[in-house]
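*Asks:* Please read through the structure below; I'll follow up with questions.
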Protein chains: 6
Amino acid sequence: VCGYRPAERSDGPAFSGIRTFMRLPHVPLKSELDGVDLGIIGLPFDTGASFGVGCRFGPEAVRSASALLRPYHPDHELDIFSHFSAVDFGDVAIIPGFIEESLARIETAINRMVTSNIIHIGIGGDHTIALGELRGLAARYRPMSLILFDSHPDTYPDFRGHPYFHSTPFRRAVEENLINPARSILCGLRGSTFGKSDLLDPIEMGFDILNASYMHRITTDETAQRIVSRVGSSPCFLSFDIDFLDPAFAPGTGTPEIGGFTTWETQDILRKLAAVNIVGADVVEVLPSADTGRVTALAAATIVHEIISLVSLRMNNKAFSDRSEDSALDTGST
Amino acid sequence: VCGYRPAERSDGPAFSGIRTFMRLPHVPLKSELDGVDLGIIGLPFDTGASFGVGCRFGPEAVRSASALLRPYHPDHELDIFSHFSAVDFGDVAIIPGFIEESLARIETAINRMVTSNIIHIGIGGDHTIALGELRGLAARYRPMSLILFDSHPDTYPDFRGHPYFHSTPFRRAVEENLINPARSILCGLRGSTFGKSDLLDPIEMGFDILNASYMHRITTDETAQRIVSRVGSSPCFLSFDIDFLDPAFAPGTGTPEIGGFTTWETQDILRKLAAVNIVGADVVEVLPSADTGRVTALAAATIVHEIISLVSLRMNNKAFSDRSEDSALDTGST
Amino acid sequence: VCGYRPAERSDGPAFSGIRTFMRLPHVPLKSELDGVDLGIIGLPFDTGASFGVGCRFGPEAVRSASALLRPYHPDHELDIFSHFSAVDFGDVAIIPGFIEESLARIETAINRMVTSNIIHIGIGGDHTIALGELRGLAARYRPMSLILFDSHPDTYPDFRGHPYFHSTPFRRAVEENLINPARSILCGLRGSTFGKSDLLDPIEMGFDILNASYMHRITTDETAQRIVSRVGSSPCFLSFDIDFLDPAFAPGTGTPEIGGFTTWETQDILRKLAAVNIVGADVVEVLPSADTGRVTALAAATIVHEIISLVSLRMNNKAFSDRSEDSALDTGST
Amino acid sequence: VCGYRPAERSDGPAFSGIRTFMRLPHVPLKSELDGVDLGIIGLPFDTGASFGVGCRFGPEAVRSASALLRPYHPDHELDIFSHFSAVDFGDVAIIPGFIEESLARIETAINRMVTSNIIHIGIGGDHTIALGELRGLAARYRPMSLILFDSHPDTYPDFRGHPYFHSTPFRRAVEENLINPARSILCGLRGSTFGKSDLLDPIEMGFDILNASYMHRITTDETAQRIVSRVGSSPCFLSFDIDFLDPAFAPGTGTPEIGGFTTWETQDILRKLAAVNIVGADVVEVLPSADTGRVTALAAATIVHEIISLVSLRMNNKAFSDRSEDSALDTGST
Amino acid sequence: VCGYRPAERSDGPAFSGIRTFMRLPHVPLKSELDGVDLGIIGLPFDTGASFGVGCRFGPEAVRSASALLRPYHPDHELDIFSHFSAVDFGDVAIIPGFIEESLARIETAINRMVTSNIIHIGIGGDHTIALGELRGLAARYRPMSLILFDSHPDTYPDFRGHPYFHSTPFRRAVEENLINPARSILCGLRGSTFGKSDLLDPIEMGFDILNASYMHRITTDETAQRIVSRVGSSPCFLSFDIDFLDPAFAPGTGTPEIGGFTTWETQDILRKLAAVNIVGADVVEVLPSADTGRVTALAAATIVHEIISLVSLRMNNKAFSDRSEDSALDTGST
Amino acid sequence: VCGYRPAERSDGPAFSGIRTFMRLPHVPLKSELDGVDLGIIGLPFDTGASFGVGCRFGPEAVRSASALLRPYHPDHELDIFSHFSAVDFGDVAIIPGFIEESLARIETAINRMVTSNIIHIGIGGDHTIALGELRGLAARYRPMSLILFDSHPDTYPDFRGHPYFHSTPFRRAVEENLINPARSILCGLRGSTFGKSDLLDPIEMGFDILNASYMHRITTDETAQRIVSRVGSSPCFLSFDIDFLDPAFAPGTGTPEIGGFTTWETQDILRKLAAVNIVGADVVEVLPSADTGRVTALAAATIVHEIISLVSLRMNNKAFSDRSEDSALDTGST
């Protein structure tokens, strides 16, 4: 049995207590990390935001909304924490205003986790942070596949001459051989762009692309199938920009685009990704100051819950069927 | 011809006047009640709320939003109040902080209405109130069928040892033989739970269940058909928890769950329930302090309008075709 | 090459600078207007609003949200401003509280534009303004076809004896022979009405009608096809009332109706209207004080962007294929 | 003993019931009006607003906030309704968009009240309504004195050639001999103006003026003394524009000016006006869509409560000391 | 040197990390409590609220706002935590909807703290909780003096026959001999009441009263002096209802009253209470759903900070001058 | 006569038109600048914010609120633009995320203005921008005196090793000899600090300090007198951090401190600074996403208006009395 799971109902009502994600134990990242399967980690960095800014308060808002989440996932018929252990590591001590130092601190934290066999789910923060996460994971998995849910590809060449910003992380990640575009897929792209290259570039870089217009015409089964067949069994980083959702479902984000997806479509796709070998994930660009009725924070928290469930499901299956397969998790090679 | 109908346009613009539901006449429940077919009744009780609280202001918000509603229903081609009379009875004098006394007062009020041949539509308040309503209706109809639109089954065994709370009313109602699960259906269930039993329990109690995941895959026709065939001609209590809607459509509620339904889907289902013998109804869990842009209140008010229309439609049909059938309404037997 | 296009990225970040639509040059309407293909014009009039009021701040909010829009339209593969020139003319100096004077000023402004071969897109303002726009366009195009996206037909006979209000513009427009109902179509009608005539009247006036209930059952292709075949090549005024959208997608409007449309459905329909000969357009009833998370303003701004793209697309095609066809644009006859 | 007083606590908690002012009985203005001393009347007109608009929802908001008010006034040691009777007459059926017709309807309603010996307190609505009220009162009291609390004098000559708007009522009232400037005082004026005449004009018209800058330097005693000595025993109309308060205390108004007054200062002044012969009053320019945390509505409701208390106090004193003095109330002469 | 103090700046920016009060260490109340001088404890109970409800989220909001607070108090020239140790104990596991059980749990928690020589500061929650705190403290201090900052005396006899509610705690406390009215003072009372007795009762019970009207006329020095001389050296419970502040400074509360106090006046009074022997304190009635711009939460957090400083100051003075006086702290007798 | 002044009333109502400050003409900074006395310049930079972030939208919000301002200042009896010319230069093209580049761009823009004899008023933006402004002004005035209204001194040594941030500009400015502390004064300091040095440092650097606690005890006359005598006739930079105001008056800022000042106190002080030789000014730290009811933006806009008035007043006086004194303005020496 695992040591780390959410507080019990007898520990007080859901609205009480110090806000950790799903009322999981708060364990400092510098502690002994034995027996932890998954760690939530806040990445409150937002200096890379080009328009709306303030995602530094994203982790707080997502933790607050997560009080509504419960440990059983009916669609997976999964008691998430029965054979699976998770903690909330708090936030990485990023430095607002300073991108490179902050990326280095994120990298160090993720590195600490991945080398302790802990799968992390980062809560952003703007999308710049993904580069720090990928660098941290690279100690073990290189290159990874990427599943991106986002209305923007975030593969711009630069930001007015600067390499790091929330629109560039995945181009940098390809250049640094952190991700393998041939096993990666970008889903939900939409909205006006500065020019034709904004959407051509990622195709030329080798990514598979599912534009929103196309996704709106196919079924969630087809989308999920396309994702699964693209990434196969490779170690995969799943990055979820909350602006994948339509602004009606997620107004709280800095560069919203109309014509997006519902929370149901999102959950329906995610639940079909149980075969994916997720080695790390994040949910980013939650901007509480633009949120209304906390719907964005709740959507983000529930998506984290869906991802935890996928990871737990995969671990549980392995736990009961074939533990030797476990070694595959460790190699990280595609 | 009926005496009670909404104010005329010549009585002032829709935004003027004392706020009653749809500008219906405000008649105290202790008055003579002759000639009233339907009564709106506010049930501003929220002590049973487990997370977000403040539904005591729900009736005020729904009445305010109802100023936008008009007396003709185009899809039913129905002039709602042409042969049908409705009033706003104001609110039941519940006692905040005290569940059992409040339930008793609700029971008394509904009893007064049902014994005067008045169909009521309650505006909540948290879902605890449904038990008071069902007890009040039981003077005439026992057991009733239940149509529940809700993301939660509200059939928990208890709340930390206490029998009454907003998660338990329908278990109590079954135990008290107020509702007959074999003719009842719970629609829209979704979200994480504390354990497997949360969803198995209502099935074992005999309810028919339509999970949200399933409903998202079938048509609104199929859902409506399933509901109609389940309840048949039995006297039916229709209970609509506003969290059936997705938080994008109804952020103003205390325990929201993403992955829900649109207002269009809801209207489309409701409009197909004209065959149902509604003997009482409520719309609950409207939490104005979490609402944004009054969309939740407007959705709730319009759903009340849809239910009024169903009741009026059924009465009108009877009025013109076969008044002797009316006796069936009085027996309350299934 | 054209002189008027949005500010360059080197002119500063998208959130900087004086707010014009899409950072287009602000040119006073009294200037020389050579070389302008399209003009954005604010029409901040709201005295005709029957319920929620304050659309006078609509143009400001839409301009603010438009900072997020970029000059390339991926679905049309269109660099909007490469062969097409647009400016922001600021607002017409309407007189709040005085309908007829304000209509006259709107008419004058639109007349100035249409006689300078400039296609205008008005940003409202309540729907009363459409009558002023149509009168202004009539100097060149009479009668026009009308494509209306709206939850209400706005064809009421009068408002308590007064001819001009936000529910009457299109009845007046038919009476004044500004629009030809036989080539016009009203899309998205829904919500309760005061009586049967509210929806029968526009049919009797000769309009084609797509009720929301019907539109929800057909595809966006079918809707677009019906619109295109209705209006043919006639000069067309496209009027978009933001309450066409569901309140979840556009809470910021004065007379919202649930059961509406998503932004994706809207974009999908609009993008199929490239064959329509748009000679003027507006987006109206944006009420910032009821907006939340600026989603309504962003939806409105993006819809303006979609309409600009349609106009640019049609001009570009003509520019490269058959400029002589241009004369058709000038006759305005159906 | 009087028939009309607020609902009892046993009628339900303060947050329950149909919203009338202070839970007073709602009596239609066309009823028999015997035994009513004071009537609350909503005047939801806002077509005269020059900037922020939407005061049509002011009466609803003030009634909602008034649920917090109770019937005993500790500072006056007054049980307000013990010998004093008050009702809520609902709203006048004004016509949005049409100033002169609306003024006529207001005049008729106030006339009905004043000729029935009922003192009215109007809840606005924009300040244009004051002219209608004064015309209605003039049937009995002409000219009246005016006590104005406002950051603007509302004595502009016209609005772009139109006589009626929310900046002109008191100039019209002087021209129509409704008020006598020599016994009137304008308190709290501040903010930038269009020119020197904006503040000189009312002085030339004969008003006494207390600029905010001056009021900030004197005591509340001095202000109250100056008011009382100015109006003497003449029949007095007290008009309170909520923008007298600083925006921190009343953000919900259409033309706010910083540098204003606190609610305490306001209450302290009002409580010293017991000697004033108030024959009618209003609280205007409450704009709920700009309110935050309902502080403006609460301030407005409490100010109405203070005015009711002044009227009750004066009646009570007369009731116990010298009823023959009552005739003075009826003459209306100064 | 003490073990427990706020996180260092090097632990990350103020907006990062799990939200404890002032980033103090979170220590479960069931741990060993050696070396803790002061404990913050959340009391998220709101079933006793008579109007606005939702103070259950008060502790979360106050903790969130406290991130802005720093460890040095310039006016006291005090490095708060240099010789003083504080922790955040999280929240008491109250049971929403059930007053007596919740009071018992609060009593147990406070008892645990006081018997461990830990001074507590409770964060409410509605004012009902004060009774639980006083009962918990009574194990050591009985009776205590009370300093109450509040717009209401909270000494009602009952709530519709029930003894416990947020308007009754201090009457119960007197009846139970928990507080000694002769050494207690109620400050800031204002607002309308149900009758004369509401304010006479506490006087008859023996409390000293400072009405708001009176306090507005005297200096903060005089108020502080009156408080200090009233309570003397007796063990004192300081209870701060946030509605002591004016709604402009604290809109986020359930029963606001205009005419209140500024934050500056509040700080100025509190800073002069260093002589008071505070043995426990709370800040209550923070209602986040009614807060705007987080000003109420920030005011509440800063008031907690002021109280911590008072306690630290007193301990520091003792630490340096006369530790033997310490025994006086333990006797609790007046 | 001057060419540049606000739009006339006949140009449309105050809520219409492209939003420039006070509807002044928008002139690009690269144009010919003859005949401009004062320029408004937006400085939408916020990467230096340590807590709440998003001041990049400050200029937009302040311009929007400025629509309520009018050209005559009653207290100064000044027709501001009668002999004085002002424009809105739009925003400096700062680069979000990059402090040093942004400072350089600000410096360049201010330099362009000062060398064209234009007094600038910057609208922030976080306080980091002040360093850029001072560097730009230094081409002509070095060192300047500083009048700072702020709750923080902004004289921290560094931010985690980095020299530039919103807490350090005035230390850098002293080090760079841009300002002369001996002729400078910091007003309104309050709030908890990290340590004793935070407030001792500026004293040691030579600044005069008016803590909030002290300012609350003296009159506005005394404060103004102290400021005026401190700066004398030296060229002065007036920097107004909106957090000088209490959060009730200015909730929309990133690091608010309770216990602050009212808008009236602020205006009263500013109006007494007509003798000060203002050569540049800014109003900073306006955070629209935390603003409520636009009170912060209105306060900021009105403070800009007060500063414009001071500059105009001084110029007017010179214009009529002694133009030769003008040369003093040019020397910039103390």
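Identifiers in this document derive from the order of the structure tokens: chains are assigned A, B, ..., residues are numbered from 1 separately in each chain, and ligands are numbered from 1 in order of occurrence.
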Hey, could you make a per-residue contact list for chain F against chain A with 6 Å as the cut-off, showing the nearest pair of atoms and its distance in Å to one decimal, counting only C-alpha atoms, sorted by chain and number, as a Markdown table?
*Replies:*
| residue | atom | partner | partner_atom | distance |
| --- | --- | --- | --- | --- |
| F:Thr47 | CA | A:Gly97 | CA | 5.3 |
| F:Val53 | CA | A:Gly54 | CA | 5.5 |
| F:Gly54 | CA | A:Val53 | CA | 5.5 |
| F:Gly97 | CA | A:Thr47 | CA | 5.3 |
| F:Ser289 | CA | A:Ser289 | CA | 5.8 |
*Asks:* If you run DSSP on the backbone here, which positions in segment 122-204 of chain E get strand (DSSP E or B)? Please write them as number ranges by chain.
*Replies:* E: 122-124, 144-149, 159, 162, 179, 185-189, 193
*Asks:* Neighbouring residues of Leu33 of chain C were defined as those with any atom within 12 Å, considering only C-alpha atoms; residues of the same chain fewer than 6 positions away were excluded. Please report them as an NGL selection string.
*Replies:* :C and (3-4 or 26-27 or 39 or 85-89 or 112-119)
*Asks:* Write to file, as a short mmCIF file (atom, residue, chain, number, x, y, z; two decimals), in the first residue's frame, the residues of the selection just made, with all heavy atoms.
*Replies:*
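The resulting file, selection00.cif, is reproduced below:
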data_model
loop_
_atom_site.label_atom_id
_atom_site.label_comp_id
_atom_site.auth_asym_id
_atom_site.auth_seq_id
_atom_site.Cartn_x
_atom_site.Cartn_y
_atom_site.Cartn_z
N GLY C 3 -1.82 51.23 -48.91
CA GLY C 3 -1.22 52.07 -47.89
C GLY C 3 -1.65 51.73 -46.48
O GLY C 3 -0.90 51.94 -45.54
N TYR C 4 -2.85 51.18 -46.34
CA TYR C 4 -3.39 51.04 -44.99
C TYR C 4 -3.44 49.59 -44.53
O TYR C 4 -4.19 48.79 -45.08
CB TYR C 4 -4.81 51.64 -44.94
CG TYR C 4 -4.85 53.11 -45.27
CD1 TYR C 4 -5.40 53.55 -46.46
CD2 TYR C 4 -4.33 54.04 -44.38
CE1 TYR C 4 -5.45 54.91 -46.76
CE2 TYR C 4 -4.37 55.40 -44.68
CZ TYR C 4 -4.93 55.83 -45.87
OH TYR C 4 -4.97 57.17 -46.15
N HIS C 26 -5.85 54.88 -37.86
CA HIS C 26 -7.05 55.67 -37.60
C HIS C 26 -7.08 56.85 -38.57
O HIS C 26 -6.19 57.71 -38.55
CB HIS C 26 -7.04 56.17 -36.16
CG HIS C 26 -8.16 57.13 -35.86
ND1 HIS C 26 -9.41 57.00 -36.41
CD2 HIS C 26 -8.21 58.23 -35.08
CE1 HIS C 26 -10.18 57.98 -35.99
NE2 HIS C 26 -9.47 58.75 -35.18
N VAL C 27 -8.07 56.86 -39.41
CA VAL C 27 -8.20 57.93 -40.41
C VAL C 27 -9.55 58.57 -40.18
O VAL C 27 -10.57 57.88 -40.12
CB VAL C 27 -8.12 57.33 -41.83
CG1 VAL C 27 -8.41 58.39 -42.88
CG2 VAL C 27 -6.76 56.69 -42.05
N GLY C 39 -13.56 50.05 -44.32
CA GLY C 39 -13.44 50.89 -43.13
C GLY C 39 -14.22 50.31 -41.97
O GLY C 39 -15.38 49.92 -42.12
N SER C 85 -6.84 47.09 -48.46
CA SER C 85 -6.48 48.21 -47.59
C SER C 85 -7.63 48.52 -46.65
O SER C 85 -8.79 48.60 -47.08
CB SER C 85 -6.19 49.40 -48.50
OG SER C 85 -6.23 50.58 -47.81
N ALA C 86 -7.33 48.69 -45.39
CA ALA C 86 -8.40 48.94 -44.43
C ALA C 86 -7.95 49.95 -43.40
O ALA C 86 -6.77 50.05 -43.07
CB ALA C 86 -8.81 47.64 -43.74
N VAL C 87 -8.92 50.69 -42.89
CA VAL C 87 -8.64 51.68 -41.86
C VAL C 87 -9.72 51.59 -40.78
O VAL C 87 -10.73 50.92 -40.93
CB VAL C 87 -8.64 53.13 -42.42
CG1 VAL C 87 -7.64 53.28 -43.54
CG2 VAL C 87 -10.04 53.53 -42.88
N ASP C 88 -9.46 52.28 -39.68
CA ASP C 88 -10.47 52.44 -38.63
C ASP C 88 -10.88 53.91 -38.64
O ASP C 88 -10.07 54.79 -38.38
CB ASP C 88 -9.87 52.04 -37.27
CG ASP C 88 -10.91 52.01 -36.16
OD1 ASP C 88 -11.88 52.80 -36.23
OD2 ASP C 88 -10.75 51.22 -35.23
N PHE C 89 -12.15 54.15 -38.96
CA PHE C 89 -12.62 55.53 -39.07
C PHE C 89 -13.06 56.12 -37.73
O PHE C 89 -13.61 57.22 -37.68
CB PHE C 89 -13.81 55.60 -40.04
CG PHE C 89 -13.42 55.52 -41.49
CD1 PHE C 89 -13.93 54.54 -42.32
CD2 PHE C 89 -12.54 56.46 -42.04
CE1 PHE C 89 -13.58 54.48 -43.67
CE2 PHE C 89 -12.19 56.40 -43.39
CZ PHE C 89 -12.71 55.41 -44.20
N ARG C 112 -21.15 58.50 -47.01
CA ARG C 112 -19.81 59.00 -47.37
C ARG C 112 -18.89 57.85 -47.77
O ARG C 112 -18.12 57.95 -48.72
CB ARG C 112 -19.26 59.75 -46.15
CG ARG C 112 -17.81 60.20 -46.22
CD ARG C 112 -17.70 61.60 -46.77
NE ARG C 112 -16.34 62.12 -46.63
CZ ARG C 112 -15.39 61.97 -47.56
NH1 ARG C 112 -15.67 61.37 -48.69
NH2 ARG C 112 -14.17 62.48 -47.36
N MET C 113 -18.98 56.76 -47.05
CA MET C 113 -18.11 55.63 -47.32
C MET C 113 -18.51 54.92 -48.62
O MET C 113 -17.66 54.64 -49.46
CB MET C 113 -18.13 54.65 -46.15
CG MET C 113 -17.50 55.24 -44.89
SD MET C 113 -17.84 54.26 -43.40
CE MET C 113 -16.68 52.92 -43.66
N VAL C 114 -19.79 54.64 -48.74
CA VAL C 114 -20.21 53.83 -49.89
C VAL C 114 -19.99 54.60 -51.19
O VAL C 114 -19.64 54.01 -52.22
CB VAL C 114 -21.67 53.36 -49.75
CG1 VAL C 114 -22.65 54.49 -49.98
CG2 VAL C 114 -21.96 52.18 -50.65
N THR C 115 -20.13 55.91 -51.13
CA THR C 115 -19.90 56.68 -52.36
C THR C 115 -18.41 56.85 -52.65
O THR C 115 -18.03 57.30 -53.72
CB THR C 115 -20.56 58.07 -52.26
OG1 THR C 115 -20.07 58.73 -51.09
CG2 THR C 115 -22.08 57.95 -52.18
N SER C 116 -17.58 56.48 -51.68
CA SER C 116 -16.13 56.46 -51.91
C SER C 116 -15.64 55.05 -52.20
O SER C 116 -14.44 54.77 -52.10
CB SER C 116 -15.39 57.02 -50.69
OG SER C 116 -15.80 58.32 -50.39
N ASN C 117 -16.58 54.15 -52.51
CA ASN C 117 -16.22 52.75 -52.82
C ASN C 117 -15.58 52.01 -51.65
O ASN C 117 -14.75 51.13 -51.84
CB ASN C 117 -15.27 52.70 -54.01
CG ASN C 117 -16.01 52.98 -55.30
OD1 ASN C 117 -17.09 52.44 -55.53
ND2 ASN C 117 -15.44 53.87 -56.12
N ILE C 118 -15.96 52.40 -50.45
CA ILE C 118 -15.44 51.74 -49.26
C ILE C 118 -16.51 50.86 -48.65
O ILE C 118 -17.63 51.32 -48.40
CB ILE C 118 -14.98 52.79 -48.22
CG1 ILE C 118 -13.86 53.65 -48.81
CG2 ILE C 118 -14.54 52.11 -46.93
CD1 ILE C 118 -13.54 54.87 -47.97
N ILE C 119 -16.19 49.61 -48.47
CA ILE C 119 -17.10 48.71 -47.76
C ILE C 119 -16.93 48.96 -46.27
O ILE C 119 -15.80 49.05 -45.78
CB ILE C 119 -16.78 47.24 -48.12
CG1 ILE C 119 -17.13 47.00 -49.59
CG2 ILE C 119 -17.53 46.27 -47.20
CD1 ILE C 119 -16.73 45.65 -50.11
#
*Asks:* Excluding Tyr72 of chain D and any residue of its chain fewer than 5 positions from it, enumerate the residues within 6 Å of it, using only C-alpha atoms, and give them as a PyMOL selection string.
*Replies:* (chain D and resi 78-80) or (chain E and resi 192-195)
*Asks:* When you look at Asp241 of chain E with a cut-off of 6 Å (counting only C-alpha atoms), what residues show up, excluding the ones that are within fewer than 2 positions of it in the same chain? I need them as a list in words.
*Replies:*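 The neighbour list is Phe149, Asp150, Asp243, Phe244, Val283, Val284 and Glu285 of chain E.
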*Asks:* Write the selection just made, keeping N, CA and C atoms, as a CSV table (one decimal), in the first residue's frame?
*Replies:*
chain,number,residue,atom,x,y,z
E,149,PHE,N,-14.3,44.2,17.8
E,149,PHE,CA,-14.5,45.2,16.8
E,149,PHE,C,-15.5,44.7,15.8
E,150,ASP,N,-16.6,45.4,15.7
E,150,ASP,CA,-17.8,44.8,15.0
E,150,ASP,C,-18.8,45.9,14.8
E,243,ASP,N,-16.6,43.3,9.3
E,243,ASP,CA,-17.6,44.4,9.0
E,243,ASP,C,-17.5,45.6,9.9
E,244,PHE,N,-16.5,45.6,10.8
E,244,PHE,CA,-16.1,46.8,11.5
E,244,PHE,C,-15.7,47.9,10.5
E,283,VAL,N,-10.2,36.8,13.4
E,283,VAL,CA,-10.7,37.7,12.4
E,283,VAL,C,-11.7,37.0,11.6
E,284,VAL,N,-13.0,37.5,11.6
E,284,VAL,CA,-14.1,36.7,11.1
E,284,VAL,C,-14.9,37.4,10.1
E,285,GLU,N,-15.8,36.6,9.5
E,285,GLU,CA,-16.8,37.1,8.6
E,285,GLU,C,-16.3,37.6,7.2
*Asks:* Calculate how many Å separate atom CA of Ala14 of chain A from atom CA of Leu68 of chain A, rounding to one decimal.
*Replies:*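 So the two atoms, atom CA of Ala14 of chain A and atom CA of Leu68 of chain A, lie 6.8 Å apart.
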*Asks:* I want to know what sits within 9 Å of Ile94 of chain B, based on only C-alpha atoms, with residues of the same chain fewer than 5 positions away left out; could you give that as a list of chain:residue names?
*Replies:*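 Answer for this query is B:Leu43, B:Pro44, B:Phe45, B:Ile99, B:Glu101, B:Ser102, B:Leu103, B:Ala104, B:Arg105, B:Ile106, D:Gly12, D:Pro13, D:Ser16.
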*Asks:* Figure out the distance between atom CA of Asn316 of chain D and atom CA of Phe84 of chain D, please, to one decimal in Å.
*Replies:*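 Atom-to-atom, atom CA of Phe84 of chain D and atom CA of Asn316 of chain D are spaced 7.5 Å apart.
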*Asks:* Residues near Ser229 of chain A, anyone? I mean within 12 Å using only C-alpha atoms, not counting same-chain ones fewer than 3 positions away, as an MDAnalysis selection string.
*Replies:* chainID A and resid 145 147 182:185 208 222:226 232:234 272:273 275:276
*Asks:* Can you list, as a PyMOL selection string, all residues belonging to segment 153-237 of chain B that DSSP tags as helix (DSSP H, G or I)?
*Replies:* chain B and resi 169-175+181-183+197-205+212-215+220-231
*Asks:* In Å, with one decimal, what is the gap from atom CA of Leu146 of chain A to atom CA of Leu29 of chain A?
*Replies:*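 Going from atom CA of Leu146 of chain A over to atom CA of Leu29 of chain A covers 25.3 Å.
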